[in-house]
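Visitor: This is the structure, below, for whatever I ask next.
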Amino acid sequence: MAIGDHLPCVLVCGGQWGDEGKGKVVAYLALKYKPKIVARAGVGPNAGHTVYFKGKKFGLRQVPCGFVYGGSRILIGPGVLVNPEVLLKEVEETGIGDRLGVDRKCALIEPVHIEKDRSSEHLKEKIGTTGTGCGPANVDRVGRRAKLAESSPELQPFLTDVPSEINEALNERALVLVEGSQGFGLSLIHGTYPYVTSKDTTAGTMLADVGVGPTKVSEVILVFKAYVSRVGAGTFPTEISQEEAEKLGIVEYGTVTGRRRRIGRFDFELAKRAAMINGATQLAITCIDRLFKGCEGARRFTELTGDARKFIERVEEETGVPVTLVSTGEGIEDIIDLSRGKL
Ligand code: IMP
Ligand code: MG
């Protein structure tokens, strides 16, 4: 499959428990393929997507990391929860105000939702949510009480019809990149319930989030980290102790919450299931340099260590899906692109 064969709608989604490095992958694809639109799908500002761009670290929760390509229209789909305060701060930080569109139907996160998320023993203590109000806001959406973006005075300048913009672009055969959030294991339907987020996080729902039908998708790029991390409570079959993780040199903190992430070995069973349920057509593997010393900054497959190469081949064998991107460092250009221009 290549651009031209199908409508070029490419979806990037997470295959583990979030924090797989989707932000970096989307930023790379945006700079390489110059999409007409980059659209954010997923739950809402509970996500933290990190990208290092022009010497600056961006930890974004609402604006998609594809903003790095200055020629893209930046859209937030109607399924995504919006906290106007968080969004406006990121608009200022990224300077994308003149190309941002927020769907009129995005439900709003209000202070009361954050308060409920943080004061509920069940959510905060048992589940270990991000405390960003997403769960309670989705409860209000389902209860048909939530306020929508169209009622927010601050969001007026950005309001638009995201599904129409995207589908018009696809009809012109322009490239649309959809950035998902969270990961497969956090899906309300497919994840480790009840230790999950407040919505399904797989490709099907991400498409609904932005208003694109399943027949219009050309590629689903599923992102895995070379190991697994998890913040908050819940099953984690391949988890290792903090001491063991430290010995491997892997210590991570959450972008949104600053909590220390639990670390585990790559989970092939989880990966297989994530590839199946997301209908993955390509895989991206990130942080290979953190697990396999000597791979830092590699730009070619042959520059990877033998162990790293074997690992990638095993991921392909077990999932039956080709690995087309391998991230080898923090910078957007620290990547091995095995796609041969195929998107
Ligand atoms: P909530 O999404 O804030 O309700 O949190 C529910 C669970 O999902 C908790 O375990 C969170 O740590 C986790 N979670 C939500 N968003 C992310 C994310 O973007 N990265 C990693 N974990 C997340
Ligand atoms: Mg994150």
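Every chain in the structure tokens has a letter given in the order shown (A, B, ...), and although residue numbers restart at 1 in each chain, ligands are simply numbered from 1 in the order shown.
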Please provide as an MDAnalysis selection string all residues within 8 Å of range 247-258 of chain A, with the sequence filter that same-chain residues fewer than 2 positions apart are discarded (counting only C-alpha atoms).
Guide: chainID A and resid 46:50 59 61 130 231 243:245 260:261 263 290:291
Visitor: Within 6 Å of ligand 1, counting only C-alpha atoms and all ligand atoms, which protein or nucleic acid residues do you find, written as number ranges by chain?
Guide: A: 17-19, 46-48, 127-132, 134-135, 182, 186, 195-198, 231-233
Visitor: May I ask which of the residues A:Pro163, A:Lys105, A:Gly71, A:Lys22 is the closest one to Ala208 in chain A, counting only C-alpha atoms?
Guide: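 Result for the nearest residue to Ala208 in chain A: A:Pro163.
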Visitor: When you look at range 211-226 of chain A with a cut-off of 6 Å (counting only C-alpha atoms), what residues show up, excluding the ones that are within fewer than 4 positions of it in the same chain? I need them as a PDB file with N, CA and C atoms, in the first residue's frame.
Guide:
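New file out03.pdb:
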ATOM      1  N   HIS A   6      -4.639   4.245  -1.968  1.00  0.00           N
ATOM      2  CA  HIS A   6      -5.786   4.364  -1.077  1.00  0.00           C
ATOM      3  C   HIS A   6      -5.884   5.803  -0.627  1.00  0.00           C
ATOM      4  N   LEU A   7      -6.982   6.150  -0.028  1.00  0.00           N
ATOM      5  CA  LEU A   7      -7.071   7.480   0.563  1.00  0.00           C
ATOM      6  C   LEU A   7      -5.994   7.562   1.631  1.00  0.00           C
ATOM      7  N   PRO A   8      -5.152   8.570   1.593  1.00  0.00           N
ATOM      8  CA  PRO A   8      -4.004   8.595   2.496  1.00  0.00           C
ATOM      9  C   PRO A   8      -4.343   9.087   3.902  1.00  0.00           C
ATOM     10  N   CYS A   9      -5.059   8.262   4.623  1.00  0.00           N
ATOM     11  CA  CYS A   9      -5.335   8.591   6.014  1.00  0.00           C
ATOM     12  C   CYS A   9      -4.528   7.638   6.888  1.00  0.00           C
ATOM     13  N   VAL A  10      -3.613   8.176   7.640  1.00  0.00           N
ATOM     14  CA  VAL A  10      -2.679   7.368   8.413  1.00  0.00           C
ATOM     15  C   VAL A  10      -2.915   7.603   9.904  1.00  0.00           C
ATOM     16  N   LEU A  11      -3.073   6.511  10.613  1.00  0.00           N
ATOM     17  CA  LEU A  11      -3.373   6.602  12.036  1.00  0.00           C
ATOM     18  C   LEU A  11      -2.181   6.093  12.849  1.00  0.00           C
ATOM     19  N   VAL A  12      -1.810   6.857  13.857  1.00  0.00           N
ATOM     20  CA  VAL A  12      -0.717   6.432  14.738  1.00  0.00           C
ATOM     21  C   VAL A  12      -1.316   6.166  16.115  1.00  0.00           C
ATOM     22  N   CYS A  13      -1.198   4.920  16.594  1.00  0.00           N
ATOM     23  CA  CYS A  13      -1.776   4.652  17.908  1.00  0.00           C
ATOM     24  C   CYS A  13      -0.827   3.849  18.790  1.00  0.00           C
ATOM     25  N   GLY A  14      -1.135   3.826  20.074  1.00  0.00           N
ATOM     26  CA  GLY A  14      -0.248   3.223  21.067  1.00  0.00           C
ATOM     27  C   GLY A  14      -0.570   1.760  21.301  1.00  0.00           C
ATOM     28  N   GLY A  15       0.472   0.922  21.415  1.00  0.00           N
ATOM     29  CA  GLY A  15       0.269  -0.514  21.552  1.00  0.00           C
ATOM     30  C   GLY A  15       0.467  -1.050  22.954  1.00  0.00           C
ATOM     31  N   GLU A  20       4.344   5.412  24.678  1.00  0.00           N
ATOM     32  CA  GLU A  20       5.171   4.601  23.779  1.00  0.00           C
ATOM     33  C   GLU A  20       6.087   5.473  22.928  1.00  0.00           C
ATOM     34  N   PRO A 163     -14.742  16.580  11.121  1.00  0.00           N
ATOM     35  CA  PRO A 163     -14.982  15.500  10.154  1.00  0.00           C
ATOM     36  C   PRO A 163     -15.094  16.020   8.719  1.00  0.00           C
ATOM     37  N   LEU A 207     -10.686   6.614  15.039  1.00  0.00           N
ATOM     38  CA  LEU A 207     -11.276   7.104  13.796  1.00  0.00           C
ATOM     39  C   LEU A 207     -12.604   7.797  14.074  1.00  0.00           C
ATOM     40  N   ALA A 280      -3.106  -3.311  12.846  1.00  0.00           N
ATOM     41  CA  ALA A 280      -1.864  -2.618  12.491  1.00  0.00           C
ATOM     42  C   ALA A 280      -1.324  -3.066  11.137  1.00  0.00           C
ATOM     43  N   THR A 281      -0.850  -2.109  10.355  1.00  0.00           N
ATOM     44  CA  THR A 281      -0.206  -2.433   9.079  1.00  0.00           C
ATOM     45  C   THR A 281       1.294  -2.164   9.139  1.00  0.00           C
ATOM     46  N   GLN A 282       1.717  -1.356  10.110  1.00  0.00           N
ATOM     47  CA  GLN A 282       3.140  -1.063  10.302  1.00  0.00           C
ATOM     48  C   GLN A 282       3.367  -0.904  11.803  1.00  0.00           C
ATOM     49  N   LEU A 283       4.605  -1.182  12.217  1.00  0.00           N
ATOM     50  CA  LEU A 283       4.960  -0.977  13.622  1.00  0.00           C
ATOM     51  C   LEU A 283       6.092   0.032  13.727  1.00  0.00           C
ATOM     52  N   ALA A 284       6.038   0.828  14.788  1.00  0.00           N
ATOM     53  CA  ALA A 284       7.175   1.692  15.127  1.00  0.00           C
ATOM     54  C   ALA A 284       7.673   1.229  16.485  1.00  0.00           C
ATOM     55  N   ILE A 285       8.985   1.102  16.620  1.00  0.00           N
ATOM     56  CA  ILE A 285       9.554   0.721  17.919  1.00  0.00           C
ATOM     57  C   ILE A 285      10.420   1.875  18.411  1.00  0.00           C
ATOM     58  N   THR A 286      10.129   2.330  19.628  1.00  0.00           N
ATOM     59  CA  THR A 286      10.844   3.493  20.152  1.00  0.00           C
ATOM     60  C   THR A 286      11.759   3.094  21.306  1.00  0.00           C
ATOM     61  N   CYS A 287      12.636   4.024  21.665  1.00  0.00           N
ATOM     62  CA  CYS A 287      13.530   3.863  22.829  1.00  0.00           C
ATOM     63  C   CYS A 287      14.414   2.628  22.730  1.00  0.00           C
ATOM     64  N   ILE A 288      14.731   2.215  21.526  1.00  0.00           N
ATOM     65  CA  ILE A 288      15.586   1.036  21.354  1.00  0.00           C
ATOM     66  C   ILE A 288      16.966   1.319  21.959  1.00  0.00           C
TER      67      ILE A 288
END
Visitor: Identify all residues of range 15-72 of chain A in helix (DSSP H, G or I) (DSSP on the backbone) and supply them as a list in words.
Guide: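 Checking each residue of range 15-72 of chain A, the helix (DSSP H, G or I) ones are Lys22, Gly23, Lys24, Val25, Val26, Ala27, Tyr28, Leu29, Ala30, Leu31, Lys32, Tyr33, Cys65, Gly66, Phe67 and Val68 of chain A.
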Visitor: Can you tell me how far CA of Val323 in chain A sits from CA of Phe292 in chain A, in Å to one decimal?
Guide: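 Rounded to one decimal, the two atoms are 16.8 Å apart.
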Visitor: Select from range 273-328 of chain A everything DSSP, run on the backbone, classes as strand (DSSP E), then give the selection as an mmCIF file with N, CA and C atoms, in the first residue's frame.
Guide:
data_model
loop_
_atom_site.group_PDB
_atom_site.id
_atom_site.type_symbol
_atom_site.label_atom_id
_atom_site.label_comp_id
_atom_site.auth_asym_id
_atom_site.auth_seq_id
_atom_site.Cartn_x
_atom_site.Cartn_y
_atom_site.Cartn_z
ATOM 1 N N GLN A 282 1.717 -1.356 10.110
ATOM 2 C CA GLN A 282 3.140 -1.063 10.302
ATOM 3 C C GLN A 282 3.367 -0.904 11.803
ATOM 4 N N LEU A 283 4.605 -1.182 12.217
ATOM 5 C CA LEU A 283 4.960 -0.977 13.622
ATOM 6 C C LEU A 283 6.092 0.032 13.727
ATOM 7 N N ALA A 284 6.038 0.828 14.788
ATOM 8 C CA ALA A 284 7.175 1.692 15.127
ATOM 9 C C ALA A 284 7.673 1.229 16.485
ATOM 10 N N ILE A 285 8.985 1.102 16.620
ATOM 11 C CA ILE A 285 9.554 0.721 17.919
ATOM 12 C C ILE A 285 10.420 1.875 18.411
ATOM 13 N N THR A 286 10.129 2.330 19.628
ATOM 14 C CA THR A 286 10.844 3.493 20.152
ATOM 15 C C THR A 286 11.759 3.094 21.306
ATOM 16 N N VAL A 323 8.096 -3.925 10.968
ATOM 17 C CA VAL A 323 8.573 -2.755 11.718
ATOM 18 C C VAL A 323 9.152 -1.787 10.692
ATOM 19 N N THR A 324 8.561 -0.604 10.604
ATOM 20 C CA THR A 324 9.008 0.344 9.572
ATOM 21 C C THR A 324 9.766 1.536 10.153
ATOM 22 N N LEU A 325 9.611 1.777 11.450
ATOM 23 C CA LEU A 325 10.326 2.887 12.084
ATOM 24 C C LEU A 325 10.946 2.408 13.387
ATOM 25 N N VAL A 326 12.198 2.794 13.613
ATOM 26 C CA VAL A 326 12.864 2.453 14.870
ATOM 27 C C VAL A 326 13.477 3.736 15.415
ATOM 28 N N SER A 327 13.028 4.153 16.591
ATOM 29 C CA SER A 327 13.538 5.394 17.165
ATOM 30 C C SER A 327 14.757 5.100 18.027
#
Visitor: Tell me which protein, DNA and RNA residues are within 9 Å of range 75-85 of chain A, counting only C-alpha atoms, leaving out same-chain ones fewer than 5 positions away, and put them as an mmCIF file with N, CA and C atoms, in the first residue's frame.
Guide:
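The resulting file, around.cif, is reproduced below:
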data_model
loop_
_atom_site.group_PDB
_atom_site.id
_atom_site.type_symbol
_atom_site.label_atom_id
_atom_site.label_comp_id
_atom_site.auth_asym_id
_atom_site.auth_seq_id
_atom_site.Cartn_x
_atom_site.Cartn_y
_atom_site.Cartn_z
ATOM 1 N N ILE A 37 -3.322 17.818 6.972
ATOM 2 C CA ILE A 37 -3.966 17.921 8.290
ATOM 3 C C ILE A 37 -3.297 16.968 9.274
ATOM 4 N N VAL A 38 -3.084 17.453 10.492
ATOM 5 C CA VAL A 38 -2.737 16.550 11.590
ATOM 6 C C VAL A 38 -3.880 16.683 12.593
ATOM 7 N N ALA A 39 -4.513 15.568 12.913
ATOM 8 C CA ALA A 39 -5.667 15.630 13.805
ATOM 9 C C ALA A 39 -5.415 14.814 15.063
ATOM 10 N N ARG A 40 -5.826 15.350 16.180
ATOM 11 C CA ARG A 40 -5.662 14.652 17.448
ATOM 12 C C ARG A 40 -6.936 13.875 17.753
ATOM 13 N N ALA A 41 -6.760 12.557 18.005
ATOM 14 C CA ALA A 41 -7.838 11.695 18.480
ATOM 15 C C ALA A 41 -7.503 11.323 19.923
ATOM 16 N N GLY A 42 -8.266 10.391 20.501
ATOM 17 C CA GLY A 42 -7.936 9.913 21.842
ATOM 18 C C GLY A 42 -8.812 10.527 22.920
ATOM 19 N N VAL A 43 -8.392 10.322 24.157
ATOM 20 C CA VAL A 43 -9.255 10.688 25.281
ATOM 21 C C VAL A 43 -9.283 12.197 25.518
ATOM 22 N N GLY A 44 -8.139 12.774 25.831
ATOM 23 C CA GLY A 44 -8.117 14.210 26.140
ATOM 24 C C GLY A 44 -6.795 14.598 26.752
ATOM 25 N N PRO A 45 -6.790 15.594 27.644
ATOM 26 C CA PRO A 45 -5.521 16.088 28.202
ATOM 27 C C PRO A 45 -4.916 15.195 29.288
ATOM 28 N N GLN A 62 -2.820 18.439 24.417
ATOM 29 C CA GLN A 62 -3.981 18.651 23.535
ATOM 30 C C GLN A 62 -3.566 18.883 22.091
ATOM 31 N N VAL A 63 -2.524 19.657 21.895
ATOM 32 C CA VAL A 63 -2.065 19.945 20.533
ATOM 33 C C VAL A 63 -1.289 18.733 20.021
ATOM 34 N N PRO A 64 -1.619 18.217 18.836
ATOM 35 C CA PRO A 64 -0.860 17.058 18.335
ATOM 36 C C PRO A 64 0.592 17.426 18.030
ATOM 37 N N GLU A 90 -1.000 25.685 25.460
ATOM 38 C CA GLU A 90 -0.187 24.998 24.443
ATOM 39 C C GLU A 90 -0.188 25.750 23.109
ATOM 40 N N ARG A 99 -3.595 28.182 12.798
ATOM 41 C CA ARG A 99 -3.915 26.971 12.000
ATOM 42 C C ARG A 99 -4.622 25.904 12.822
ATOM 43 N N LEU A 100 -5.112 26.291 13.986
ATOM 44 C CA LEU A 100 -5.802 25.338 14.870
ATOM 45 C C LEU A 100 -7.314 25.344 14.650
ATOM 46 N N GLY A 101 -7.901 24.148 14.607
ATOM 47 C CA GLY A 101 -9.353 24.029 14.586
ATOM 48 C C GLY A 101 -9.806 23.049 15.648
ATOM 49 N N VAL A 102 -10.806 23.451 16.427
ATOM 50 C CA VAL A 102 -11.357 22.583 17.474
ATOM 51 C C VAL A 102 -12.791 22.264 17.077
ATOM 52 N N ASP A 103 -13.149 20.998 17.069
ATOM 53 C CA ASP A 103 -14.507 20.659 16.665
ATOM 54 C C ASP A 103 -15.525 21.215 17.664
ATOM 55 N N ARG A 104 -16.629 21.709 17.106
ATOM 56 C CA ARG A 104 -17.691 22.288 17.948
ATOM 57 C C ARG A 104 -18.206 21.298 18.981
ATOM 58 N N LYS A 105 -18.131 20.014 18.655
ATOM 59 C CA LYS A 105 -18.732 18.990 19.522
ATOM 60 C C LYS A 105 -17.770 18.394 20.545
ATOM 61 N N CYS A 106 -16.569 18.896 20.640
ATOM 62 C CA CYS A 106 -15.671 18.389 21.699
ATOM 63 C C CYS A 106 -16.327 18.695 23.048
ATOM 64 N N ALA A 107 -16.342 17.716 23.945
ATOM 65 C CA ALA A 107 -16.884 17.996 25.287
ATOM 66 C C ALA A 107 -15.797 18.679 26.118
ATOM 67 N N LEU A 108 -16.246 19.555 27.004
ATOM 68 C CA LEU A 108 -15.297 20.343 27.792
ATOM 69 C C LEU A 108 -14.999 19.713 29.147
ATOM 70 N N ILE A 109 -13.755 19.857 29.555
ATOM 71 C CA ILE A 109 -13.389 19.502 30.929
ATOM 72 C C ILE A 109 -13.485 20.781 31.740
ATOM 73 N N GLU A 110 -14.274 20.713 32.816
ATOM 74 C CA GLU A 110 -14.451 21.878 33.675
ATOM 75 C C GLU A 110 -13.776 21.610 35.014
ATOM 76 N N THR A 132 -6.805 14.474 35.681
ATOM 77 C CA THR A 132 -7.004 15.590 34.747
ATOM 78 C C THR A 132 -8.486 15.806 34.406
ATOM 79 N N GLY A 133 -9.370 15.065 35.064
ATOM 80 C CA GLY A 133 -10.804 15.276 34.884
ATOM 81 C C GLY A 133 -11.415 14.528 33.710
ATOM 82 N N CYS A 134 -10.635 13.713 33.034
ATOM 83 C CA CYS A 134 -11.154 13.059 31.820
ATOM 84 C C CYS A 134 -12.294 12.086 32.126
ATOM 85 N N ALA A 137 -15.496 13.851 33.104
ATOM 86 C CA ALA A 137 -16.045 14.579 31.941
ATOM 87 C C ALA A 137 -16.706 13.610 30.973
ATOM 88 N N ASN A 138 -16.104 12.431 30.786
ATOM 89 C CA ASN A 138 -16.740 11.442 29.912
ATOM 90 C C ASN A 138 -18.034 10.904 30.536
ATOM 91 N N LEU A 148 -20.311 21.549 25.511
ATOM 92 C CA LEU A 148 -19.499 21.333 24.318
ATOM 93 C C LEU A 148 -18.666 22.574 23.997
ATOM 94 N N ALA A 149 -17.662 22.369 23.173
ATOM 95 C CA ALA A 149 -16.744 23.463 22.835
ATOM 96 C C ALA A 149 -17.481 24.680 22.290
ATOM 97 N N SER A 152 -18.057 27.488 24.636
ATOM 98 C CA SER A 152 -16.938 28.101 25.355
ATOM 99 C C SER A 152 -16.503 29.411 24.682
ATOM 100 N N GLU A 154 -13.811 31.159 25.066
ATOM 101 C CA GLU A 154 -12.386 31.177 24.669
ATOM 102 C C GLU A 154 -12.122 30.378 23.396
ATOM 103 N N LEU A 155 -12.979 29.385 23.134
ATOM 104 C CA LEU A 155 -12.695 28.522 21.978
ATOM 105 C C LEU A 155 -13.336 29.016 20.684
ATOM 106 N N THR A 160 -14.685 24.607 14.496
ATOM 107 C CA THR A 160 -14.818 24.141 13.116
ATOM 108 C C THR A 160 -15.532 22.787 13.094
ATOM 109 N N ASP A 161 -15.713 22.269 11.881
ATOM 110 C CA ASP A 161 -16.300 20.947 11.687
ATOM 111 C C ASP A 161 -15.154 20.030 11.248
ATOM 112 N N VAL A 162 -14.574 19.332 12.190
ATOM 113 C CA VAL A 162 -13.376 18.526 11.914
ATOM 114 C C VAL A 162 -13.658 17.382 10.929
ATOM 115 N N PRO A 163 -14.742 16.580 11.121
ATOM 116 C CA PRO A 163 -14.982 15.500 10.154
ATOM 117 C C PRO A 163 -15.094 16.020 8.719
ATOM 118 N N GLU A 165 -13.747 18.797 7.407
ATOM 119 C CA GLU A 165 -12.421 19.227 6.927
ATOM 120 C C GLU A 165 -11.569 18.019 6.533
ATOM 121 N N ILE A 166 -11.601 16.996 7.377
ATOM 122 C CA ILE A 166 -10.752 15.825 7.103
ATOM 123 C C ILE A 166 -11.236 15.078 5.862
ATOM 124 N N THR A 205 -11.943 3.381 17.510
ATOM 125 C CA THR A 205 -12.498 4.536 18.224
ATOM 126 C C THR A 205 -11.756 5.820 17.873
ATOM 127 N N MET A 206 -10.469 5.708 17.614
ATOM 128 C CA MET A 206 -9.727 6.919 17.233
ATOM 129 C C MET A 206 -10.258 7.499 15.929
ATOM 130 N N ALA A 208 -13.404 7.192 14.951
ATOM 131 C CA ALA A 208 -14.672 7.827 15.320
ATOM 132 C C ALA A 208 -14.402 9.193 15.970
ATOM 133 N N ASP A 209 -13.329 9.271 16.750
ATOM 134 C CA ASP A 209 -12.989 10.536 17.424
ATOM 135 C C ASP A 209 -12.838 11.695 16.441
ATOM 136 N N VAL A 210 -12.346 11.394 15.256
ATOM 137 C CA VAL A 210 -12.114 12.474 14.291
ATOM 138 C C VAL A 210 -13.106 12.432 13.129
ATOM 139 N N GLY A 211 -13.999 11.444 13.152
ATOM 140 C CA GLY A 211 -15.044 11.388 12.124
ATOM 141 C C GLY A 211 -14.593 10.851 10.779
#
Visitor: Given the choices A:Gly204, A:Gly329, A:Gly234, A:Gly183, which gets closest to ligand 2 if the distance is worked out from only C-alpha atoms and all ligand atoms?
Guide: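 Going through A:Gly204, A:Gly329, A:Gly234, A:Gly183 one by one, the smallest distance to ligand 2 is for A:Gly183.
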Visitor: Using only C-alpha atoms, determine which residues lie at most 10 Å from Asp98 in chain A, disregarding the query and same-chain residues fewer than 6 positions distant; provide the list as a ChimeraX atom specification.
Guide: /A:73-74,91,157-158
